[in-house]
Amino acid sequence: MKQLVVISGKGGTGKTTITASLAALAKDKVMVDCDVDAADLYILLEPKILERHKFIGSKTAVIDKAKCTQCGRCIEICRFDAISKDFIVDPISCEGCEVCSHICPENAIRMEDKLSGEWFISETPYGPFVHAKLGIAEENSGKLVAILRQNAMSIAKREGIDLIIIDGPPGIGCPVIASITGTNLALVVTEPTLSGIHDMARVIGLIKHFKIKAYVVINKFDLNIEMTKVIEEYCEANEIELAGKIAYDPIVTEALTNRKIIVEYSDGKVTQQIKDIWRVVSEAK
């Protein structure tokens, strides 16, 4: 089974736009949106939800007022200031560390599961789609990503599909690591800016650590030809293949405004460039 993950060192490079296009071009595949903190691939794929599941990402402390003697030990020990003087736990501030429940002399504090979000299995015009919605300021996004990928693999095995396309999160943090581990190929989308180059280098370092084959795509390359050349030189020096370059074209914005995938909305130069990129990555061993 081949797993292709599309990632970027920073947000706003056009990663999801390209992922949606690859999903439209590929024949048989399962799609996964692992950018759970800011999921938006569903906007273009128009999913019909078949299954809805709760995601319990952490726990929160709850004080039993009948048992509590208001000794104040929990307030003293809580490093997150999550317990008020009225001995009420703020669920947003509580990090679920459980220290207060262990330190309470009256066993008046219990830990309860905290609903951190939801994850879904959906059907789309392009095939099965696994995605999620993480709650605001919730943690354990890496754990949620792992759940999504496990279910995508189960669907692929059950339906005899040998390709999984993953829309990964930006950056190099825990959800990125959870998105790339065990994949066959990483497509890094960057842009010809100083921050784009800097963050591309960081995420490529992460990919190399996990010994995953990497390709680079330069999006809107013609907005800064000098920086594009710097990226090309970096790829050559680090033996990373350039999968292709995509020109800036307002038609892309027009397509997104209409909630359409660019390769289906237009047959112009951008569509041809993305098709060329898909040809490169689809033939990669």
# chains A, B, ... in the order shown; residues from 1 in each chain; ligands from 1
>>> residues_around(residues="Gly9 (chain A)", least_positions_apart="5", cutoff="6 Å", atoms="only C-alpha atoms", output="list of chain:residue names")
A:Pro170, A:Gly171, A:Asp199, A:Met200, A:Val203
>>> write_last_selection(atoms="C-alpha atoms", output="CSV table (one decimal), in the first residue's frame")
chain,number,residue,atom,x,y,z
A,170,PRO,CA,2.0,22.5,8.5
A,171,GLY,CA,5.1,22.8,10.7
A,199,ASP,CA,10.4,26.2,7.0
A,200,MET,CA,10.8,23.9,4.0
A,203,VAL,CA,10.4,19.9,7.4
>>> residues_around(residues="Ile103 (chain A)", least_positions_apart="3", cutoff="7 Å", atoms="only C-alpha atoms", output="list in words")
Cys74, Val99 and Cys100 of chain A
>>> residues_around(residues="Pro105 (chain A)", least_positions_apart="4", cutoff="12 Å", atoms="only C-alpha atoms", output="NGL selection string")
:A and (67-74 or 100-101 or 109)
>>> closest_residue(among="A:Ala237, A:Ala137, A:Val189, A:Val270", to="Val252 (chain A)", atoms="only C-alpha atoms")
A:Val270
>>> atom_distance(atom1="CA of Ala146 (chain A)", atom2="CA of Ile180 (chain A)")
10.3 Å
>>> closest_residue(among="A:Lys245, A:Arg79, A:Ala152, A:Tyr234", to="His198 (chain A)", atoms="only C-alpha atoms")
A:Tyr234
>>> select_by_dssp(residues="region 8-246 of chain A", states="strand (DSSP E)", output="ChimeraX atom specification")
/A:8,30-33,48-63,109-124,127-134,163-170,185-190,213-219,241-246
>>> residues_around(residues="Tyr248 (chain A)", least_positions_apart="6", cutoff="8 Å", atoms="only C-alpha atoms", output="list in words")
Asn219, Lys220, Phe221, Asp222, Leu223 and Val270 of chain A
>>> write_last_selection(atoms="C-alpha atoms", output="PDB file, in the first residue's frame")
ATOM      1  CA  ASN A 219       3.897  27.014  -5.641  1.00  0.00           C
ATOM      2  CA  LYS A 220       3.508  30.469  -7.252  1.00  0.00           C
ATOM      3  CA  PHE A 221       7.134  30.172  -8.336  1.00  0.00           C
ATOM      4  CA  ASP A 222       6.967  33.078 -10.791  1.00  0.00           C
ATOM      5  CA  LEU A 223       6.258  35.656  -8.065  1.00  0.00           C
ATOM      6  CA  VAL A 270      -1.900  25.521 -13.530  1.00  0.00           C
TER       7      VAL A 270
END
>>> closest_residue(among="A:Glu232, A:Ala132, A:Asn151, A:Ala186", to="Ile166 (chain A)", atoms="only C-alpha atoms")
A:Ala186
>>> select_by_dssp(residues="region 41-224 of chain A", states="alpha helix (DSSP H)", output="ChimeraX atom specification")
/A:42-45,73-77,99-103,141-159,174-180,194-209
>>> atom_distance(atom1="CA of Phe120 (chain A)", atom2="CA of Val32 (chain A)")
10.2 Å
>>> closest_atom_pairs(of="region 115-226 of chain A", to="region 275-281 of chain A", cutoff="9 Å", atoms="only C-alpha atoms", output="tab-separated table")
residue	atom	partner	partner_atom	distance
A:Leu185	CA	A:Val281	CA	8.1
A:Leu187	CA	A:Val281	CA	8.0
A:Tyr215	CA	A:Val281	CA	7.8
A:Val217	CA	A:Ile277	CA	7.9
>>> atom_distance(atom1="CA of Glu159 (chain A)", atom2="CA of Lys29 (chain A)")
9.8 Å
>>> closest_residue(among="A:Gly173, A:Pro250, A:Gly11, A:Gly57", to="Leu134 (chain A)", atoms="only C-alpha atoms")
A:Gly57
>>> closest_residue(among="A:Leu44, A:Ala38, A:Met111, A:Ile231", to="Gly135 (chain A)", atoms="only C-alpha atoms")
A:Ala38
>>> closest_atom_pairs(of="region 90-182 of chain A", to="region 24-28 of chain A", cutoff="12 Å", atoms="only C-alpha atoms", output="tab-separated table")
residue	atom	partner	partner_atom	distance
A:Thr124	CA	A:Ala24	CA	10.6
A:Pro125	CA	A:Ala24	CA	8.9
A:Tyr126	CA	A:Ala24	CA	6.2
A:Gly127	CA	A:Asp28	CA	7.3
A:Pro128	CA	A:Asp28	CA	9.4
A:Phe129	CA	A:Asp28	CA	11.9
A:Ile155	CA	A:Asp28	CA	12.0
A:Ala156	CA	A:Asp28	CA	9.4
A:Glu159	CA	A:Asp28	CA	9.8
A:Gly160	CA	A:Asp28	CA	9.2
A:Ile161	CA	A:Asp28	CA	6.1
A:Asp162	CA	A:Asp28	CA	7.5
A:Leu163	CA	A:Asp28	CA	6.8
A:Ile164	CA	A:Asp28	CA	8.9
A:Ile165	CA	A:Ala26	CA	9.1
>>> write_last_selection(atoms="N, CA and C atoms", output="PDB file, in the first residue's frame")
ATOM      1  N   THR A 124     -17.275  10.634  -0.662  1.00  0.00           N
ATOM      2  CA  THR A 124     -17.199  11.816  -1.505  1.00  0.00           C
ATOM      3  C   THR A 124     -17.280  11.391  -2.969  1.00  0.00           C
ATOM      4  N   PRO A 125     -17.444  12.338  -3.884  1.00  0.00           N
ATOM      5  CA  PRO A 125     -17.419  11.982  -5.306  1.00  0.00           C
ATOM      6  C   PRO A 125     -16.076  11.395  -5.737  1.00  0.00           C
ATOM      7  N   TYR A 126     -15.051  11.524  -4.880  1.00  0.00           N
ATOM      8  CA  TYR A 126     -13.702  11.079  -5.219  1.00  0.00           C
ATOM      9  C   TYR A 126     -13.292   9.815  -4.469  1.00  0.00           C
ATOM     10  N   GLY A 127     -14.178   9.307  -3.587  1.00  0.00           N
ATOM     11  CA  GLY A 127     -13.867   8.103  -2.848  1.00  0.00           C
ATOM     12  C   GLY A 127     -13.972   8.300  -1.345  1.00  0.00           C
ATOM     13  N   PRO A 128     -13.570   7.293  -0.554  1.00  0.00           N
ATOM     14  CA  PRO A 128     -13.660   7.376   0.910  1.00  0.00           C
ATOM     15  C   PRO A 128     -12.781   8.498   1.470  1.00  0.00           C
ATOM     16  N   PHE A 129     -13.276   9.108   2.530  1.00  0.00           N
ATOM     17  CA  PHE A 129     -12.589  10.259   3.124  1.00  0.00           C
ATOM     18  C   PHE A 129     -12.697  10.168   4.644  1.00  0.00           C
ATOM     19  N   ILE A 155      -9.950   0.941   5.857  1.00  0.00           N
ATOM     20  CA  ILE A 155     -10.840   1.092   4.703  1.00  0.00           C
ATOM     21  C   ILE A 155     -10.138   0.638   3.427  1.00  0.00           C
ATOM     22  N   ALA A 156      -8.879   1.065   3.274  1.00  0.00           N
ATOM     23  CA  ALA A 156      -8.127   0.705   2.072  1.00  0.00           C
ATOM     24  C   ALA A 156      -7.959  -0.804   1.949  1.00  0.00           C
ATOM     25  N   GLU A 159     -11.402  -2.481   1.110  1.00  0.00           N
ATOM     26  CA  GLU A 159     -11.913  -2.224  -0.233  1.00  0.00           C
ATOM     27  C   GLU A 159     -10.888  -2.491  -1.336  1.00  0.00           C
ATOM     28  N   GLY A 160      -9.717  -2.995  -0.941  1.00  0.00           N
ATOM     29  CA  GLY A 160      -8.703  -3.332  -1.932  1.00  0.00           C
ATOM     30  C   GLY A 160      -8.097  -2.128  -2.623  1.00  0.00           C
ATOM     31  N   ILE A 161      -7.965  -1.032  -1.896  1.00  0.00           N
ATOM     32  CA  ILE A 161      -7.385   0.208  -2.437  1.00  0.00           C
ATOM     33  C   ILE A 161      -5.917   0.273  -2.012  1.00  0.00           C
ATOM     34  N   ASP A 162      -5.035   0.575  -2.954  1.00  0.00           N
ATOM     35  CA  ASP A 162      -3.604   0.552  -2.641  1.00  0.00           C
ATOM     36  C   ASP A 162      -2.968   1.941  -2.556  1.00  0.00           C
ATOM     37  N   LEU A 163      -3.788   2.998  -2.427  1.00  0.00           N
ATOM     38  CA  LEU A 163      -3.240   4.352  -2.305  1.00  0.00           C
ATOM     39  C   LEU A 163      -4.006   5.145  -1.259  1.00  0.00           C
ATOM     40  N   ILE A 164      -3.257   5.773  -0.363  1.00  0.00           N
ATOM     41  CA  ILE A 164      -3.826   6.695   0.620  1.00  0.00           C
ATOM     42  C   ILE A 164      -3.166   8.054   0.413  1.00  0.00           C
ATOM     43  N   ILE A 165      -3.983   9.082   0.233  1.00  0.00           N
ATOM     44  CA  ILE A 165      -3.475  10.449   0.079  1.00  0.00           C
ATOM     45  C   ILE A 165      -3.785  11.217   1.358  1.00  0.00           C
TER      46      ILE A 165
END
>>> residues_around(residues="Ala66 (chain A)", least_positions_apart="5", cutoff="12 Å", atoms="only C-alpha atoms", output="compact mmCIF listing (two decimals) with N, CA and C atoms, in the first residue's frame")
# COMPACT_ATOMS: atom_id res chain seq x y z
N PHE A 87 -13.35 26.59 44.58
CA PHE A 87 -13.10 25.17 44.34
C PHE A 87 -13.92 24.62 43.16
N GLU A 106 -8.93 14.04 50.79
CA GLU A 106 -10.29 13.53 50.97
C GLU A 106 -10.78 12.72 49.75
N ASN A 107 -9.88 12.54 48.77
CA ASN A 107 -10.28 11.86 47.52
C ASN A 107 -11.54 12.49 46.92
N ALA A 108 -11.55 13.82 46.94
CA ALA A 108 -12.73 14.55 46.47
C ALA A 108 -12.62 14.96 45.00
N ILE A 109 -11.49 14.63 44.38
CA ILE A 109 -11.29 15.04 42.99
C ILE A 109 -11.19 13.80 42.10
>>> residues_around(residues="Lys10 (chain A)", least_positions_apart="2", cutoff="12 Å", atoms="only C-alpha atoms", output="JSON, numbers by chain")
{"A": [7, 8, 12, 13, 14, 15, 168, 169, 170, 171, 172, 173, 176, 188, 189, 190, 191, 193, 194, 195, 196, 197, 198, 199, 200, 201, 202, 203]}
>>> write_last_selection(atoms="C-alpha atoms", output="mmCIF file, in the first residue's frame")
data_model
loop_
_atom_site.group_PDB
_atom_site.id
_atom_site.type_symbol
_atom_site.label_atom_id
_atom_site.label_comp_id
_atom_site.auth_asym_id
_atom_site.auth_seq_id
_atom_site.Cartn_x
_atom_site.Cartn_y
_atom_site.Cartn_z
ATOM 1 C CA ILE A 7 2.920 18.699 3.872
ATOM 2 C CA SER A 8 4.441 22.146 4.163
ATOM 3 C CA GLY A 12 -0.669 29.147 3.400
ATOM 4 C CA THR A 13 1.535 27.540 0.758
ATOM 5 C CA GLY A 14 -1.365 25.937 -1.131
ATOM 6 C CA LYS A 15 -0.932 22.456 0.332
ATOM 7 C CA GLY A 168 -0.839 16.795 6.471
ATOM 8 C CA PRO A 169 -0.599 19.758 8.847
ATOM 9 C CA PRO A 170 2.013 22.507 8.482
ATOM 10 C CA GLY A 171 5.113 22.777 10.655
ATOM 11 C CA ILE A 172 7.230 20.065 12.305
ATOM 12 C CA GLY A 173 5.279 19.311 15.493
ATOM 13 C CA VAL A 176 3.187 16.326 11.501
ATOM 14 C CA VAL A 188 6.597 19.243 0.388
ATOM 15 C CA VAL A 189 4.780 22.322 -0.878
ATOM 16 C CA THR A 190 6.728 25.533 -0.490
ATOM 17 C CA GLU A 191 6.673 29.094 -1.794
ATOM 18 C CA THR A 193 9.802 33.483 0.167
ATOM 19 C CA LEU A 194 12.391 33.585 2.951
ATOM 20 C CA SER A 195 9.984 32.017 5.447
ATOM 21 C CA GLY A 196 8.929 29.426 2.866
ATOM 22 C CA ILE A 197 12.534 28.360 2.283
ATOM 23 C CA HIS A 198 13.388 28.329 5.991
ATOM 24 C CA ASP A 199 10.385 26.212 6.960
ATOM 25 C CA MET A 200 10.801 23.913 3.954
ATOM 26 C CA ALA A 201 14.328 23.095 5.131
ATOM 27 C CA ARG A 202 13.054 22.290 8.621
ATOM 28 C CA VAL A 203 10.351 19.913 7.442
#
>>> decode(residues="region 29-141 of chain A", atoms="C-alpha atoms", output="mmCIF file, in the first residue's frame")
data_model
loop_
_atom_site.group_PDB
_atom_site.id
_atom_site.type_symbol
_atom_site.label_atom_id
_atom_site.label_comp_id
_atom_site.auth_asym_id
_atom_site.auth_seq_id
_atom_site.Cartn_x
_atom_site.Cartn_y
_atom_site.Cartn_z
ATOM 1 C CA LYS A 29 -7.586 6.037 -3.185
ATOM 2 C CA VAL A 30 -8.601 6.825 0.374
ATOM 3 C CA MET A 31 -8.194 10.448 1.441
ATOM 4 C CA VAL A 32 -7.291 11.627 4.941
ATOM 5 C CA ASP A 33 -7.236 15.174 6.305
ATOM 6 C CA CYS A 34 -4.662 15.058 9.094
ATOM 7 C CA ASP A 35 -4.591 18.836 9.537
ATOM 8 C CA VAL A 36 -7.058 18.373 12.398
ATOM 9 C CA ASP A 37 -6.354 21.739 14.035
ATOM 10 C CA ALA A 38 -7.582 23.580 10.946
ATOM 11 C CA ALA A 39 -9.256 20.984 8.724
ATOM 12 C CA ASP A 40 -10.490 22.401 5.419
ATOM 13 C CA LEU A 41 -10.096 19.692 2.772
ATOM 14 C CA TYR A 42 -13.753 18.816 3.299
ATOM 15 C CA ILE A 43 -14.743 22.164 1.746
ATOM 16 C CA LEU A 44 -13.545 20.944 -1.657
ATOM 17 C CA LEU A 45 -14.409 17.254 -1.334
ATOM 18 C CA GLU A 46 -18.053 17.793 -0.284
ATOM 19 C CA PRO A 47 -18.247 14.745 2.000
ATOM 20 C CA LYS A 48 -21.391 12.884 2.996
ATOM 21 C CA ILE A 49 -20.801 11.704 6.557
ATOM 22 C CA LEU A 50 -21.410 7.978 7.018
ATOM 23 C CA GLU A 51 -19.957 7.549 10.517
ATOM 24 C CA ARG A 52 -19.460 10.033 13.341
ATOM 25 C CA HIS A 53 -17.243 9.248 16.356
ATOM 26 C CA LYS A 54 -16.323 11.113 19.532
ATOM 27 C CA PHE A 55 -12.664 11.854 20.225
ATOM 28 C CA ILE A 56 -11.636 11.728 23.874
ATOM 29 C CA GLY A 57 -8.248 13.374 23.866
ATOM 30 C CA SER A 58 -7.720 14.068 27.553
ATOM 31 C CA LYS A 59 -9.283 14.224 30.993
ATOM 32 C CA THR A 60 -10.381 17.086 33.216
ATOM 33 C CA ALA A 61 -10.624 17.329 36.998
ATOM 34 C CA VAL A 62 -13.987 17.528 38.758
ATOM 35 C CA ILE A 63 -14.354 18.359 42.468
ATOM 36 C CA ASP A 64 -16.994 16.567 44.518
ATOM 37 C CA LYS A 65 -18.364 19.337 46.758
ATOM 38 C CA ALA A 66 -19.865 16.774 49.164
ATOM 39 C CA LYS A 67 -16.398 15.383 49.942
ATOM 40 C CA CYS A 68 -14.346 18.575 49.610
ATOM 41 C CA THR A 69 -13.266 20.194 52.912
ATOM 42 C CA GLN A 70 -11.788 23.214 51.075
ATOM 43 C CA CYS A 71 -8.355 22.625 52.543
ATOM 44 C CA GLY A 72 -6.836 24.458 49.554
ATOM 45 C CA ARG A 73 -4.174 21.867 48.803
ATOM 46 C CA CYS A 74 -5.390 21.465 45.208
ATOM 47 C CA ILE A 75 -5.195 25.212 44.581
ATOM 48 C CA GLU A 76 -1.618 25.309 45.917
ATOM 49 C CA ILE A 77 -0.459 22.394 43.812
ATOM 50 C CA CYS A 78 -2.122 23.314 40.479
ATOM 51 C CA ARG A 79 0.525 24.904 38.287
ATOM 52 C CA PHE A 80 -2.084 25.886 35.686
ATOM 53 C CA ASP A 81 -4.254 27.942 38.094
ATOM 54 C CA ALA A 82 -7.241 25.906 36.947
ATOM 55 C CA ILE A 83 -8.982 25.780 40.350
ATOM 56 C CA SER A 84 -10.792 28.851 41.650
ATOM 57 C CA LYS A 85 -11.128 29.996 45.255
ATOM 58 C CA ASP A 86 -14.645 28.571 45.125
ATOM 59 C CA PHE A 87 -13.098 25.169 44.344
ATOM 60 C CA ILE A 88 -14.466 25.006 40.820
ATOM 61 C CA VAL A 89 -12.255 23.622 38.057
ATOM 62 C CA ASP A 90 -11.978 25.628 34.847
ATOM 63 C CA PRO A 91 -12.108 22.938 32.113
ATOM 64 C CA ILE A 92 -10.247 25.170 29.665
ATOM 65 C CA SER A 93 -7.318 25.802 31.997
ATOM 66 C CA CYS A 94 -7.178 22.232 33.318
ATOM 67 C CA GLU A 95 -4.463 20.228 31.537
ATOM 68 C CA GLY A 96 -5.602 16.867 32.886
ATOM 69 C CA CYS A 97 -2.303 16.170 34.661
ATOM 70 C CA GLU A 98 -4.166 14.434 37.557
ATOM 71 C CA VAL A 99 -1.844 15.829 40.247
ATOM 72 C CA CYS A 100 -4.733 17.377 42.171
ATOM 73 C CA SER A 101 -6.632 14.075 42.261
ATOM 74 C CA HIS A 102 -3.630 12.334 43.794
ATOM 75 C CA ILE A 103 -2.840 15.101 46.307
ATOM 76 C CA CYS A 104 -6.389 15.565 47.650
ATOM 77 C CA PRO A 105 -6.526 14.128 51.220
ATOM 78 C CA GLU A 106 -10.294 13.528 50.967
ATOM 79 C CA ASN A 107 -10.276 11.858 47.521
ATOM 80 C CA ALA A 108 -12.728 14.548 46.466
ATOM 81 C CA ILE A 109 -11.294 15.044 42.988
ATOM 82 C CA ARG A 110 -11.969 12.648 40.113
ATOM 83 C CA MET A 111 -10.795 12.744 36.511
ATOM 84 C CA GLU A 112 -13.446 12.623 33.818
ATOM 85 C CA ASP A 113 -13.035 12.036 30.086
ATOM 86 C CA LYS A 114 -13.028 15.253 28.107
ATOM 87 C CA LEU A 115 -14.654 15.434 24.690
ATOM 88 C CA SER A 116 -11.952 16.977 22.517
ATOM 89 C CA GLY A 117 -13.574 16.707 19.112
ATOM 90 C CA GLU A 118 -15.090 14.376 16.554
ATOM 91 C CA TRP A 119 -13.822 12.277 13.673
ATOM 92 C CA PHE A 120 -15.721 11.083 10.639
ATOM 93 C CA ILE A 121 -15.764 8.505 7.887
ATOM 94 C CA SER A 122 -17.360 9.983 4.792
ATOM 95 C CA GLU A 123 -18.071 9.267 1.165
ATOM 96 C CA THR A 124 -17.199 11.816 -1.505
ATOM 97 C CA PRO A 125 -17.419 11.982 -5.306
ATOM 98 C CA TYR A 126 -13.702 11.079 -5.219
ATOM 99 C CA GLY A 127 -13.867 8.103 -2.848
ATOM 100 C CA PRO A 128 -13.660 7.376 0.910
ATOM 101 C CA PHE A 129 -12.589 10.259 3.124
ATOM 102 C CA VAL A 130 -11.501 10.193 6.783
ATOM 103 C CA HIS A 131 -11.433 13.536 8.580
ATOM 104 C CA ALA A 132 -11.944 15.197 11.940
ATOM 105 C CA LYS A 133 -12.798 18.349 13.811
ATOM 106 C CA LEU A 134 -10.672 19.085 16.867
ATOM 107 C CA GLY A 135 -12.186 21.357 19.481
ATOM 108 C CA ILE A 136 -10.870 24.874 20.039
ATOM 109 C CA ALA A 137 -7.625 24.889 22.060
ATOM 110 C CA GLU A 138 -7.769 21.102 22.451
ATOM 111 C CA GLU A 139 -4.622 19.012 22.575
ATOM 112 C CA ASN A 140 -3.502 15.520 21.557
ATOM 113 C CA SER A 141 -3.918 16.266 17.856
#
